[in-house]
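Chemist: Quick one: the structure is below, questions incoming.
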Amino acid sequence: IFEKSAAHYRALDAAATPLMRDERGKLRTPHGFNREKGELDMRSIFWWTAGHFPGSLWYLYEATGDEFFRTRATAWTEILAPNAKVTDNHDIGFVMYCSFGNARRLLNTDRYDALLAETADSLSKRFHDGLGLIRSWGSISNRSDFLVIPDSLMNLELLEWAGKNGFTKADAVARSHATKTLRCHFRQDGGTYHVLNYDQQTGRVKDIQQGQGASCLTAWSRGQSWAIYGYTMMYRETKDKSYLDFARKVADYAIGHPNMPADGVPYWDYGAPGEERDSSAGSCMASALIELSQYVTGEEGERYLAFAIRQLTALASPEYFSRGDEIGHFLLKHGVGNKPGGSEIDTPLDYGDYYFLEALLRFRNLKAKSEMTER
Ligand code: GLY
């Protein structure tokens, strides 16, 4: 699969490179494939997924050791630098840590540290001291609405890195956001809401919005995967057991859901059985479960790992894994971006590929570790 993925992404890079600037000279990265137009869907470097394509190139460098991927990953990563100053959205954690974060890890360099610290500072400006939360959507000066989504949990990894590297406020911000979200953003059974709107005077939730989910009463699948991933990552970074327990709870909700299909790739919402699957919810969940399986013991760990293997087996099959040219050389078919918004339904998504490659690498590392132990 790594070999096939590398071939796909070589072709994708070749097709996207001439499109790196739009007709006005603005920089952009490949996000998906528009089947109606038969062309790549290129998006601004300020779009929330801009870090995932460079991040996938980094993972392919890690998987293959091929210098081609290091060179191309560096080129696509460095164009994202202006995001370090952005304060009008929470997604800069995704954008900068999937790209520059992987670059610093794989190149073992501190060359990008100042840029990452600046990004953490910009993201922290969205933190509201009274609420103890990062604002996901909307301007920091908006006094009437304060919108939070579980997706924000994914942006905390950058803050945890910054916290450990001299920017101490970032760790406090990340923990506060994760803990408040844990208390307010999920139903008793562990299913997530998508959008909560907080009252900035009283601190209470003033309304619940459907957002990208099927309704306020169901759990949007990718949001659930973000939560499994986010709390597993927060446990890794802090060793706070409340995050581990919560990661298990949100994972058990998804794995045990009566509408979870047999192959482990969720419908786009847990309340929408029979509708489109979301391969990105599946790949993100698989990556999270592989990590989670290492933090719990015995049968529980085996169960999480077995479920992730089931998901990866499905995603690597021709049902999901593309031949190459059919979806513009992206890897995974059948992603859903925003069904209620009528956009990106049954389509490849840059972030679906990113978490798929990450999950495969995590699985490969785990296998290598267990083979060493057996020896
Ligand atoms: N809002 C990010 C996502 O669509 O998952």
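Following the order of the structure tokens, first chain is A, next is B, and so on, with residues numbered from 1 inside each chain and ligands from 1 in the order they appear.
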Which protein, DNA or RNA residues have an atom within 8 Å of ligand 1, counting only C-alpha atoms and all ligand atoms, as a list in words?
Modeler: Trp48, Ile149, Asp151, Gln212, Arg222, Gly223, Trp226, Gly337 and Asn338 of chain A
Chemist: So which residues touch A:Ala227 within 7 Å, counting only C-alpha atoms, skipping near sequence neighbours fewer than 6 positions away, as number ranges by chain?
Modeler: A: 150, 153, 250
Chemist: Restricting it to C-alpha atoms, dump the selection as a tab-separated table (two decimals), in the first residue's frame.
Modeler:
chain	number	residue	atom	x	y	z
A	150	PRO	CA	-14.92	18.79	18.74
A	153	LEU	CA	-9.34	19.02	20.00
A	250	VAL	CA	-15.91	7.94	22.91
Chemist: Give me every strand (DSSP E or B) residue in stretch 29-114 of chain A, going by DSSP on the backbone, as a ChimeraX atom specification.
Modeler: /A:29-34,39-44
Chemist: Write the residues you've just listed into a file as a short mmCIF file (atom, residue, chain, number, x, y, z; two decimals), in the first residue's frame, and include C-alpha atoms for each of them.
Modeler:
data_model
loop_
_atom_site.label_atom_id
_atom_site.label_comp_id
_atom_site.auth_asym_id
_atom_site.auth_seq_id
_atom_site.Cartn_x
_atom_site.Cartn_y
_atom_site.Cartn_z
CA THR A 29 -2.55 23.22 -2.05
CA PRO A 30 -4.47 20.23 -3.47
CA HIS A 31 -7.48 19.43 -1.30
CA GLY A 32 -9.60 17.01 -3.35
CA PHE A 33 -10.87 16.14 -6.79
CA ASN A 34 -13.88 17.65 -8.52
CA GLU A 39 -9.99 18.58 -12.14
CA LEU A 40 -8.09 18.95 -8.89
CA ASP A 41 -9.78 21.01 -6.20
CA MET A 42 -7.01 23.42 -5.17
CA ARG A 43 -7.64 25.49 -2.02
CA SER A 44 -5.98 28.51 -0.45
#
Chemist: One decimal, Å: what's the distance from atom CA of A:Gly163 over to atom CA of A:Tyr229, could you say?
Modeler: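 Rounded to one decimal, the two atoms are 19.3 Å apart.
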Chemist: Near A:Ala281, within 9 Å and counting only C-alpha atoms, which residues show up once chain neighbours fewer than 2 positions away are dropped, as a list of chain:residue names?
Modeler: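 Once the nearby chain positions are removed, what remains is A:Ser221, A:Arg222, A:Gly223, A:Gln224, A:Ser225, A:Trp226, A:Val265, A:Pro266, A:Tyr267, A:Trp268, A:Arg277, A:Asp278, A:Ser279, A:Ser283, A:Cys284, A:Met285, A:Ala286, A:Gly335, A:Val336, A:Gly352.
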Chemist: If you keep all heavy atoms, can you produce a file of those selected residues as a short mmCIF file (atom, residue, chain, number, x, y, z; two decimals), in the first residue's frame?
Modeler:
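So the final result, stored in selection.cif, reads:
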data_model
loop_
_atom_site.label_atom_id
_atom_site.label_comp_id
_atom_site.auth_asym_id
_atom_site.auth_seq_id
_atom_site.Cartn_x
_atom_site.Cartn_y
_atom_site.Cartn_z
N SER A 221 -19.97 11.54 12.39
CA SER A 221 -18.91 10.53 12.51
C SER A 221 -17.51 11.10 12.60
O SER A 221 -16.69 10.63 13.39
CB SER A 221 -18.97 9.57 11.32
OG SER A 221 -20.21 8.96 11.27
N ARG A 222 -17.20 12.11 11.77
CA ARG A 222 -15.83 12.62 11.84
C ARG A 222 -15.59 13.35 13.16
O ARG A 222 -14.50 13.26 13.73
CB ARG A 222 -15.49 13.51 10.64
CG ARG A 222 -13.99 13.75 10.56
CD ARG A 222 -13.50 14.22 9.20
NE ARG A 222 -14.11 15.43 8.75
CZ ARG A 222 -15.06 15.51 7.80
NH1 ARG A 222 -15.47 14.43 7.19
NH2 ARG A 222 -15.58 16.67 7.44
N GLY A 223 -16.63 14.03 13.66
CA GLY A 223 -16.50 14.68 14.96
C GLY A 223 -16.19 13.65 16.05
O GLY A 223 -15.37 13.88 16.94
N GLN A 224 -16.84 12.47 15.95
CA GLN A 224 -16.58 11.42 16.93
C GLN A 224 -15.13 10.93 16.80
O GLN A 224 -14.45 10.71 17.79
CB GLN A 224 -17.57 10.26 16.68
CG GLN A 224 -17.67 9.27 17.83
CD GLN A 224 -18.39 9.85 19.05
OE1 GLN A 224 -19.24 10.75 18.93
NE2 GLN A 224 -18.05 9.35 20.23
N SER A 225 -14.66 10.81 15.56
CA SER A 225 -13.26 10.38 15.34
C SER A 225 -12.29 11.44 15.86
O SER A 225 -11.26 11.10 16.46
CB SER A 225 -13.00 10.12 13.86
OG SER A 225 -13.79 9.05 13.39
N TRP A 226 -12.61 12.72 15.63
CA TRP A 226 -11.73 13.78 16.17
C TRP A 226 -11.63 13.62 17.69
O TRP A 226 -10.57 13.82 18.28
CB TRP A 226 -12.27 15.17 15.85
CG TRP A 226 -12.32 15.67 14.43
CD1 TRP A 226 -13.30 16.49 13.92
CD2 TRP A 226 -11.38 15.48 13.35
NE1 TRP A 226 -13.02 16.79 12.60
CE2 TRP A 226 -11.86 16.20 12.22
CE3 TRP A 226 -10.19 14.77 13.23
CZ2 TRP A 226 -11.19 16.22 11.00
CZ3 TRP A 226 -9.52 14.78 12.00
CH2 TRP A 226 -10.01 15.49 10.92
N VAL A 265 -16.02 1.17 8.60
CA VAL A 265 -15.96 2.52 8.01
C VAL A 265 -17.33 3.17 8.22
O VAL A 265 -18.32 2.73 7.62
CB VAL A 265 -15.59 2.47 6.50
CG1 VAL A 265 -15.51 3.88 5.92
CG2 VAL A 265 -14.27 1.73 6.30
N PRO A 266 -17.41 4.19 9.08
CA PRO A 266 -18.72 4.70 9.49
C PRO A 266 -19.51 5.37 8.36
O PRO A 266 -18.92 5.92 7.42
CB PRO A 266 -18.38 5.76 10.55
CG PRO A 266 -16.95 5.56 10.90
CD PRO A 266 -16.29 4.90 9.72
N TYR A 267 -20.85 5.31 8.50
CA TYR A 267 -21.67 6.22 7.70
C TYR A 267 -21.28 7.64 8.12
O TYR A 267 -20.74 7.85 9.20
CB TYR A 267 -23.16 5.97 7.95
CG TYR A 267 -23.59 4.60 7.46
CD1 TYR A 267 -23.85 3.57 8.37
CD2 TYR A 267 -23.70 4.35 6.10
CE1 TYR A 267 -24.21 2.31 7.91
CE2 TYR A 267 -24.07 3.10 5.64
CZ TYR A 267 -24.32 2.07 6.54
OH TYR A 267 -24.66 0.84 6.09
N TRP A 268 -21.58 8.62 7.32
CA TRP A 268 -21.10 9.99 7.60
C TRP A 268 -21.63 10.53 8.93
O TRP A 268 -21.03 11.42 9.53
CB TRP A 268 -21.44 10.93 6.44
CG TRP A 268 -22.91 11.24 6.32
CD1 TRP A 268 -23.87 10.50 5.69
CD2 TRP A 268 -23.59 12.37 6.86
NE1 TRP A 268 -25.09 11.08 5.82
CE2 TRP A 268 -24.95 12.24 6.53
CE3 TRP A 268 -23.18 13.49 7.61
CZ2 TRP A 268 -25.92 13.18 6.92
CZ3 TRP A 268 -24.12 14.43 7.98
CH2 TRP A 268 -25.48 14.26 7.64
N ARG A 277 -20.84 6.56 3.28
CA ARG A 277 -19.78 6.36 4.28
C ARG A 277 -18.89 7.58 4.27
O ARG A 277 -18.85 8.34 3.29
CB ARG A 277 -18.93 5.14 3.92
CG ARG A 277 -19.68 3.86 3.66
CD ARG A 277 -20.33 3.31 4.92
NE ARG A 277 -20.79 1.95 4.64
CZ ARG A 277 -20.05 0.86 4.87
NH1 ARG A 277 -18.85 0.98 5.41
NH2 ARG A 277 -20.51 -0.33 4.57
N ASP A 278 -18.12 7.75 5.36
CA ASP A 278 -17.07 8.77 5.36
C ASP A 278 -15.74 8.09 5.64
O ASP A 278 -15.42 7.77 6.79
CB ASP A 278 -17.35 9.87 6.38
CG ASP A 278 -16.22 10.91 6.42
OD1 ASP A 278 -15.38 10.91 5.49
OD2 ASP A 278 -16.17 11.70 7.37
N SER A 279 -14.97 7.87 4.56
CA SER A 279 -13.68 7.18 4.72
C SER A 279 -12.73 7.98 5.62
O SER A 279 -11.89 7.39 6.31
CB SER A 279 -13.04 6.92 3.36
OG SER A 279 -12.94 8.10 2.61
N SER A 283 -10.49 6.57 8.63
CA SER A 283 -9.01 6.57 8.73
C SER A 283 -8.54 7.29 9.98
O SER A 283 -7.59 6.84 10.65
CB SER A 283 -8.38 7.17 7.46
OG SER A 283 -8.70 8.53 7.31
N CYS A 284 -9.21 8.38 10.35
CA CYS A 284 -8.82 9.10 11.57
C CYS A 284 -9.06 8.21 12.79
O CYS A 284 -8.23 8.13 13.70
CB CYS A 284 -9.62 10.40 11.65
SG CYS A 284 -9.34 11.29 13.17
N MET A 285 -10.19 7.50 12.78
CA MET A 285 -10.51 6.62 13.91
C MET A 285 -9.50 5.48 14.01
O MET A 285 -9.04 5.13 15.10
CB MET A 285 -11.93 6.09 13.74
CG MET A 285 -12.40 5.21 14.88
SD MET A 285 -14.16 4.85 14.67
CE MET A 285 -14.31 3.41 15.73
N ALA A 286 -9.12 4.90 12.87
CA ALA A 286 -8.16 3.79 12.88
C ALA A 286 -6.83 4.24 13.46
O ALA A 286 -6.22 3.55 14.29
CB ALA A 286 -7.97 3.25 11.46
N GLY A 335 -15.18 9.91 0.77
CA GLY A 335 -15.17 10.80 1.93
C GLY A 335 -16.39 11.72 1.87
O GLY A 335 -16.96 11.94 0.80
N VAL A 336 -16.78 12.23 3.02
CA VAL A 336 -17.87 13.22 3.06
C VAL A 336 -17.38 14.43 3.83
O VAL A 336 -17.00 14.33 5.00
CB VAL A 336 -19.13 12.64 3.73
CG1 VAL A 336 -20.19 13.73 3.90
CG2 VAL A 336 -19.70 11.49 2.90
N GLY A 352 -8.42 12.64 4.73
CA GLY A 352 -8.68 11.19 4.78
C GLY A 352 -7.41 10.42 4.46
O GLY A 352 -7.04 9.46 5.15
#
Chemist: Please determine, counting only C-alpha atoms, which residue among A:Asn83, A:Thr71, A:Ser176, A:Ser99 has the shortest atom-to-atom distance to A:Pro54.
Modeler: A:Ser99
Chemist: If you run DSSP on this backbone, which residues of stretch 26-215 of chain A come out as helix (DSSP H, G or I), and could you give them as a count of residues only?
Modeler: 89
Chemist: Report, in Å to a single decimal, how far apart atom CA of A:Ala73 and atom CA of A:Tyr61 are.
Modeler: 8.2 Å
